[in-house]
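Each remark here refers to the structure printed beneath this line.
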Protein chains: 2
Amino acid sequence: MTERTKFLLDESKMPGAWYNINADMPVAPAPVLHPGTLEPVTPDFLAVLFPMSLILQEISTERYIEIPEPVRDVYKLWRPTPFVRARRLELALDTPAHIYFKYEGASPVGSHKPNTAVPQAFFNKQEGTKALTTETGAGQWGSALAMACNFFGMDLEVYMVKESFYQKPYRRIMIESYGATIYPSPSTNTQYGRSLLAGNPDAPGSLGIAISEAVEAAATSGGAKKYSLGSVLNHVLLHQTVIGQEALLQFEMADEYPDVIIGCAGGGSNFAGFTFPFIHKNLTEDKATRVIAAEPAASPSLTKGVYTFDYGDTAQMAPIVKMHTLGHTFIPPGIHAGGLRYHGMSPQVSALVDGGYVEARAVKQLDTFRAALTFLRAEGIIPAPESTHAIKVAIDEALAARESGEKRVIAFNLSGHGHFDMVAYEDYLHGRLEDYEYPAEAVEEALQHLPSVG
Amino acid sequence: MTERTKFLLDESKMPGAWYNINADMPVAPAPVLHPGTLEPVTPDFLAVLFPMSLILQEISTERYIEIPEPVRDVYKLWRPTPFVRARRLELALDTPAHIYFKYEGASPVGSHKPNTAVPQAFFNKQEGTKALTTETGAGQWGSALAMACNFFGMDLEVYMVKESFYQKPYRRIMIESYGATIYPSPSTNTQYGRSLLAGNPDAPGSLGIAISEAVEAAATSGGAKKYSLGSVLNHVLLHQTVIGQEALLQFEMADEYPDVIIGCAGGGSNFAGFTFPFIHKNLTEDKATRVIAAEPAASPSLTKGVYTFDYGDTAQMAPIVKMHTLGHTFIPPGIHAGGLRYHGMSPQVSALVDGGYVEARAVKQLDTFRAALTFLRAEGIIPAPESTHAIKVAIDEALAARESGEKRVIAFNLSGHGHFDMVAYEDYLHGRLEDYEYPAEAVEEALQHLPSVG
């Protein structure tokens, strides 16, 4: 093994612009609807929550949107991220496939989330926003936005699901270390939170509730505070495309091009960030890379959901979008991959799956941890539970290549490290990890509550 | 801020050999003594615990020792590590100084420890060792050696201080994830452990006890198991010199050379690994870089200890070496920088401090966390509590440069990230962190028990 392992890109090669898939979408995007009126939203409605520059990115059809210099300056703290040929994994699998991964766990908070947290903080600051509000489940998004707001001297209010706040304190402390203020949700800060606590002072909270509190806190601030979301929306996906653009350059260094690329998909942002620049090549050049979205069998919006209009959140306060959904009232089982526990999916990713441009595959929790062990014992890095979904599919593809005896170039996005998720590994190692079945009945019930859109 | 931030080295530029400071030591090393006879040890005595190749490295005076290809192949998974110009920290401090750091937290386990764990596992495997034994406090060393043994298909027995085993489970789980077996120490595996448990079934353990158990487990295995140590010894320091050698090349890329370099020092291995290649230039070329060892005021062997012969461990089973020591019976206060809680110091580092080639500076716990907050809010990375000691000294040097108005090039080794140490940050943020005074009386008492060496 004397051949090259890592493909490092100098910071001068960092992308100068984000890639906007709206410019190349084979189908026109469905309108975004107001959650109250069910009519198409106006920019005014969105402007209560978001600064105008992000709203314009949300609806832009420009192919490339320039990355401002102050954002690039922060990206440089850890970007470009490493691109690695997983030679030891190939050996362990005895496969002729070449396996590569892009390592987003190299960021200071250990995930891809800062790629959008930093520009969101920047554009808000530029338009005079004094503070941001957001929700966080286990804390990956909250810690990324806390770091970003700190860099631009902005305040941040984080609503963290109460159960995680007390049971998974490490990321909460990280959020506080960067100077943000954090509340267990439901909290007494918002009317919605107080109403829930009045009914049940011990309410454990949920991501849907935390979103509603963060939205309310921004919407009722008289313009001082805006709201920030870590996935699903187009401007978020857009910011993440630095991942795939770097990977394209790193594939050139490796003198290869992928046959298959894989990302895990919860709301869709790390998946989109890694794959959209390759999908661009599929759509506009003579490339035919297979693109696979790996989702949890316990929360399989792409493989079992309906492609239709639904609310983005549980409390019906977020806009209605056309997407693959399991129903906004569906609460996914408690898999460790908290970032993949979402009832819906990015509209862009949904449309691409619907059009056959992206394959979707659902994988079970135990299989993902089995794959994670194979990976970490070969390559050293302990992956985040979300990323294990992409690893599982990558390993399956490598084993299929062994079966068929073909060389196949496979790449996946390792969206984060698992240093904050060791309890999940302990459960797996000691046989305590549950393997949730697809919750068919709960989904069927939730799908009864879709909004009645023409 | 459009100038360069990171200096990345291609893996083809990774050092081909370790640098051995024994070749350049201005004073001859003192003999290593047998803990029982107090006479110089023979290789036979050491051969019970270590493979011959490591014993030869321990006493070698060759300036460069080649890094075997299989070790380089593993290093390549994360090496060369990033070298970063801390421009945002410079701005935050409003200093004319240029501040650089080498980032060893980029390894899969988040610290510099694998630099020696990997070759130790390799050389043992090469000589037919079936399994290794070791001790670990909070788990940094244990997780590095677990990863390394896994890569070379070797078994590993880790004795982890019982209190940490139960209270700091994350690194314990990491060790298990890599396939090692881990026991809370004192354990029932060893005679020493059983004797302690007979006296007190709830004994919380200590690093000294865990060392003694790991040594006993190897020594009584009939040659099947060897023992592995993560710091202090020359072969360990040697393996760490990849850090400083890379940094020299990265300084060339930056077209600068350091006026001051800093590492934190517990047993001395990350300090030596970073600084020895620069000390080599000081000793053999016309360089005059100031070299500073940053140690905790609560366990200040270099600034308050005696330079004399002492046991390496509490139980008097390890060899006696000449070093700066606070007395082998001294138990350092419970600072969060567990890796710096050691009564002694590497003999090589001690001799260089004694000879005036290295400055030593003791810093207090609260000051190190204050420095850590300044650093992480400027650069994003959350440092390990050990590394904060180097940061504190680097910031002091940068502020001194501001005072005097001089440009000063400062570099420090960021030996690890703090993602497993968030509880320490919580204590600091909430005003619960203690600032231990120098425990003068305890040291005075411990210094009564030095071995009576002629």
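Letters A, B, ... mark the chains of the structure tokens in the order given; residue numbers begin at 1 per chain; ligand numbers begin at 1, in order shown.
Residues in contact range of Met345 in chain A, defined as at most 6 Å between only C-alpha atoms, with sequence neighbours fewer than 6 positions away removed, read Gly267, Met323 and His324 of chain A.
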Go ahead and write the residues just picked, C-alpha atoms, as a tab-separated table (two decimals), in the first residue's frame.
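Printed below is part_37.tsv as written:
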```tsv
chain	number	residue	atom	x	y	z
A	267	GLY	CA	-33.68	16.83	5.64
A	323	MET	CA	-41.90	16.82	-0.79
A	324	HIS	CA	-41.68	13.18	0.19
```
Apply DSSP to the backbone of this structure and, from range 203-428 of chain B, keep only the residues in alpha helix (DSSP H); write these as a ChimeraX atom specification. /B:207-219,234-240,242-254,269-284,301-304,347-354,365-379,387-404,422-428
Within 7 Å of chain B, which residues of chain A show up? Give each one with its shortest atom-to-atom distance in Å (one decimal) and the two atoms involved, counting only C-alpha atoms, rows by chain then rising residue number, as a tab-separated table.
```
residue	atom	partner	partner_atom	distance
A:Met1	CA	B:Asp73	CA	6.9
A:Thr5	CA	B:Lys76	CA	6.5
A:Leu8	CA	B:Asp10	CA	7.0
A:Asp10	CA	B:Leu8	CA	7.0
A:Asp73	CA	B:Met1	CA	6.8
A:Lys76	CA	B:Thr5	CA	6.5
A:Leu77	CA	B:Thr5	CA	6.9
A:Pro108	CA	B:Ile381	CA	4.7
A:Met147	CA	B:Gly380	CA	6.5
A:Asn150	CA	B:Arg377	CA	6.6
A:Tyr170	CA	B:Met422	CA	5.6
A:Ile173	CA	B:Glu426	CA	5.8
A:Met174	CA	B:Met422	CA	6.8
A:Tyr178	CA	B:Arg377	CA	6.0
A:Arg377	CA	B:Tyr178	CA	6.0
A:Gly380	CA	B:Pro108	CA	5.6
A:Ile381	CA	B:Pro108	CA	4.7
A:His419	CA	B:His419	CA	6.9
A:Met422	CA	B:Tyr170	CA	5.6
A:Glu426	CA	B:Ile173	CA	5.8
```
Calculate how many Å separate CA of Ser164 in chain B from CA of Asn200 in chain B, rounding to one decimal.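 If I compute the distance from CA of Ser164 in chain B to CA of Asn200 in chain B, I get 17.6 Å.
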From the options A:Tyr159, A:Phe369, A:Phe412, A:Trp141, which residue's atoms come nearest to Gly339 in chain A, counting only C-alpha atoms?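 Among A:Tyr159, A:Phe369, A:Phe412, A:Trp141, it is A:Trp141 that comes nearest to Gly339 in chain A.
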Skipping near chain neighbours, those fewer than 5 positions away, what residues fall within 10 Å of His112 in chain B using only C-alpha atoms, listed as JSON, numbers by chain? {"B": [81, 103, 104, 105, 106, 107, 117, 140, 141, 144, 240, 243, 269, 270, 273, 413, 414, 415, 416, 417]}
Taking the backbone alone, and naming residues the way the document does, which bits of range 160-364 of chain B are strand (DSSP E) by DSSP, as an NGL selection string? :B and (160-161 or 181-185 or 225-227 or 260-264 or 290-296 or 306-311 or 320-325 or 359-363)
Take the residues from that selection and write them out as a compact mmCIF listing (two decimals), in the first residue's frame, keeping N, CA, C and O atoms.
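Full text of out16.txt as output:
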```
# COMPACT_ATOMS: atom_id res chain seq x y z
N MET B 160 -8.07 0.67 33.12
CA MET B 160 -8.51 2.07 33.19
C MET B 160 -8.87 2.42 34.64
O MET B 160 -9.60 1.67 35.30
N VAL B 161 -8.35 3.54 35.11
CA VAL B 161 -8.63 3.99 36.48
C VAL B 161 -10.14 3.90 36.74
O VAL B 161 -10.94 4.44 35.98
N THR B 181 -10.01 -5.06 25.12
CA THR B 181 -10.67 -5.45 26.36
C THR B 181 -10.25 -4.46 27.44
O THR B 181 -9.08 -4.11 27.54
N ILE B 182 -11.22 -4.03 28.23
CA ILE B 182 -10.91 -2.98 29.20
C ILE B 182 -11.42 -3.38 30.57
O ILE B 182 -12.50 -3.95 30.70
N TYR B 183 -10.59 -3.14 31.60
CA TYR B 183 -10.93 -3.49 32.98
C TYR B 183 -10.84 -2.25 33.85
O TYR B 183 -9.90 -1.47 33.72
N PRO B 184 -11.81 -2.09 34.76
CA PRO B 184 -11.65 -1.03 35.74
C PRO B 184 -10.54 -1.43 36.72
O PRO B 184 -10.51 -2.58 37.18
N SER B 185 -9.64 -0.50 37.00
CA SER B 185 -8.51 -0.80 37.88
C SER B 185 -8.68 -0.07 39.20
O SER B 185 -8.97 1.13 39.19
N LYS B 225 2.46 -11.54 26.41
CA LYS B 225 2.04 -10.14 26.42
C LYS B 225 3.22 -9.23 26.75
O LYS B 225 4.05 -9.56 27.59
N LYS B 226 3.23 -8.10 26.08
CA LYS B 226 4.19 -7.06 26.43
C LYS B 226 3.41 -5.85 26.92
O LYS B 226 2.19 -5.76 26.77
N TYR B 227 4.18 -4.91 27.50
CA TYR B 227 3.59 -3.72 28.08
C TYR B 227 3.88 -2.52 27.19
O TYR B 227 4.92 -2.46 26.55
N VAL B 260 9.54 31.61 19.11
CA VAL B 260 9.15 30.91 20.34
C VAL B 260 8.29 29.72 19.97
O VAL B 260 7.36 29.86 19.17
N ILE B 261 8.56 28.55 20.54
CA ILE B 261 7.66 27.41 20.36
C ILE B 261 7.30 26.85 21.72
O ILE B 261 8.09 26.90 22.67
N ILE B 262 6.07 26.31 21.79
CA ILE B 262 5.49 25.95 23.09
C ILE B 262 4.76 24.62 22.99
O ILE B 262 4.02 24.37 22.03
N GLY B 263 4.93 23.79 23.98
CA GLY B 263 4.13 22.58 24.10
C GLY B 263 3.76 22.37 25.55
O GLY B 263 4.49 22.82 26.45
N CYS B 264 2.63 21.72 25.81
CA CYS B 264 2.32 21.38 27.19
C CYS B 264 3.12 20.13 27.55
O CYS B 264 3.46 19.32 26.68
N ARG B 290 13.33 30.18 21.15
CA ARG B 290 13.04 29.90 22.57
C ARG B 290 12.04 28.74 22.62
O ARG B 290 11.09 28.68 21.85
N VAL B 291 12.26 27.82 23.55
CA VAL B 291 11.42 26.63 23.65
C VAL B 291 10.82 26.59 25.05
O VAL B 291 11.57 26.60 26.04
N ILE B 292 9.50 26.58 25.13
CA ILE B 292 8.84 26.66 26.44
C ILE B 292 7.96 25.44 26.70
O ILE B 292 7.11 25.08 25.89
N ALA B 293 8.19 24.80 27.85
CA ALA B 293 7.33 23.71 28.31
C ALA B 293 6.30 24.29 29.27
O ALA B 293 6.67 24.89 30.29
N ALA B 294 5.01 24.09 28.94
CA ALA B 294 3.93 24.62 29.78
C ALA B 294 3.39 23.50 30.65
O ALA B 294 2.93 22.48 30.15
N GLU B 295 3.46 23.68 31.97
CA GLU B 295 2.99 22.62 32.87
C GLU B 295 1.98 23.19 33.84
O GLU B 295 1.90 24.40 34.03
N PRO B 296 1.16 22.31 34.46
CA PRO B 296 0.15 22.81 35.39
C PRO B 296 0.77 23.24 36.72
O PRO B 296 1.63 22.53 37.26
N VAL B 306 12.44 18.38 41.91
CA VAL B 306 13.88 18.19 42.09
C VAL B 306 14.39 17.39 40.90
O VAL B 306 13.72 16.47 40.43
N TYR B 307 15.56 17.73 40.38
CA TYR B 307 16.15 16.98 39.26
C TYR B 307 17.03 15.88 39.85
O TYR B 307 18.18 16.13 40.22
N THR B 308 16.47 14.69 39.93
CA THR B 308 17.17 13.60 40.62
C THR B 308 16.62 12.25 40.17
O THR B 308 15.75 12.17 39.31
N PHE B 309 17.13 11.16 40.76
CA PHE B 309 16.65 9.82 40.43
C PHE B 309 15.35 9.53 41.18
O PHE B 309 15.26 9.76 42.39
N ASP B 310 14.37 9.00 40.44
CA ASP B 310 13.11 8.60 41.11
C ASP B 310 12.44 7.49 40.29
O ASP B 310 12.73 7.30 39.10
N TYR B 311 11.54 6.79 40.95
CA TYR B 311 10.75 5.76 40.28
C TYR B 311 9.78 6.38 39.29
O TYR B 311 9.22 7.46 39.55
N ILE B 320 13.97 3.25 37.55
CA ILE B 320 14.32 4.55 38.14
C ILE B 320 15.08 5.35 37.09
O ILE B 320 16.01 4.83 36.46
N VAL B 321 14.67 6.60 36.88
CA VAL B 321 15.37 7.45 35.93
C VAL B 321 15.67 8.79 36.58
O VAL B 321 15.06 9.17 37.59
N LYS B 322 16.64 9.50 35.98
CA LYS B 322 16.96 10.83 36.47
C LYS B 322 16.04 11.81 35.76
O LYS B 322 16.02 11.89 34.52
N MET B 323 15.28 12.54 36.54
CA MET B 323 14.28 13.44 35.93
C MET B 323 13.85 14.48 36.95
O MET B 323 14.19 14.40 38.13
N HIS B 324 13.09 15.46 36.48
CA HIS B 324 12.42 16.38 37.41
C HIS B 324 11.24 15.64 38.01
O HIS B 324 10.39 15.11 37.30
N THR B 325 11.21 15.61 39.34
CA THR B 325 10.14 14.84 40.00
C THR B 325 9.62 15.57 41.22
O THR B 325 10.35 16.33 41.88
N GLU B 359 12.88 26.41 28.48
CA GLU B 359 12.28 27.11 29.61
C GLU B 359 11.06 26.33 30.08
O GLU B 359 10.40 25.68 29.28
N ALA B 360 10.76 26.43 31.36
CA ALA B 360 9.53 25.80 31.86
C ALA B 360 8.67 26.88 32.50
O ALA B 360 9.19 27.82 33.11
N ARG B 361 7.35 26.76 32.30
CA ARG B 361 6.45 27.73 32.89
C ARG B 361 5.22 27.01 33.43
O ARG B 361 4.62 26.20 32.71
N ALA B 362 4.87 27.31 34.68
CA ALA B 362 3.69 26.68 35.29
C ALA B 362 2.50 27.63 35.16
O ALA B 362 2.63 28.82 35.41
N VAL B 363 1.35 27.09 34.76
CA VAL B 363 0.16 27.93 34.60
C VAL B 363 -1.01 27.32 35.38
O VAL B 363 -1.10 26.11 35.58
```
What's around Ala28 in chain B at 12 Å? Count only C-alpha atoms, leave out sequence neighbours fewer than 4 positions away in its own chain, and write the answer as JSON, numbers by chain. {"B": [21, 22, 23, 24, 59, 61, 322, 347, 348, 351, 352, 355]}
Quick check, in Å to one decimal: how far apart do CA of Phe45 in chain A and CA of Ala198 in chain A lie?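 Separation of CA of Phe45 in chain A and CA of Ala198 in chain A: 29.8 Å.
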At what distance in Å, to one decimal, does CA of Ala265 in chain B lie from CA of Gly344 in chain B?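 Computed distance, CA of Gly344 in chain B to CA of Ala265 in chain B, equals 10.3 Å.
Distances here use only C-alpha atoms; by that measure, the residue among A:Pro319, A:Gly431, A:Pro332, A:Pro114 closest to Glu39 in chain A is A:Pro319.
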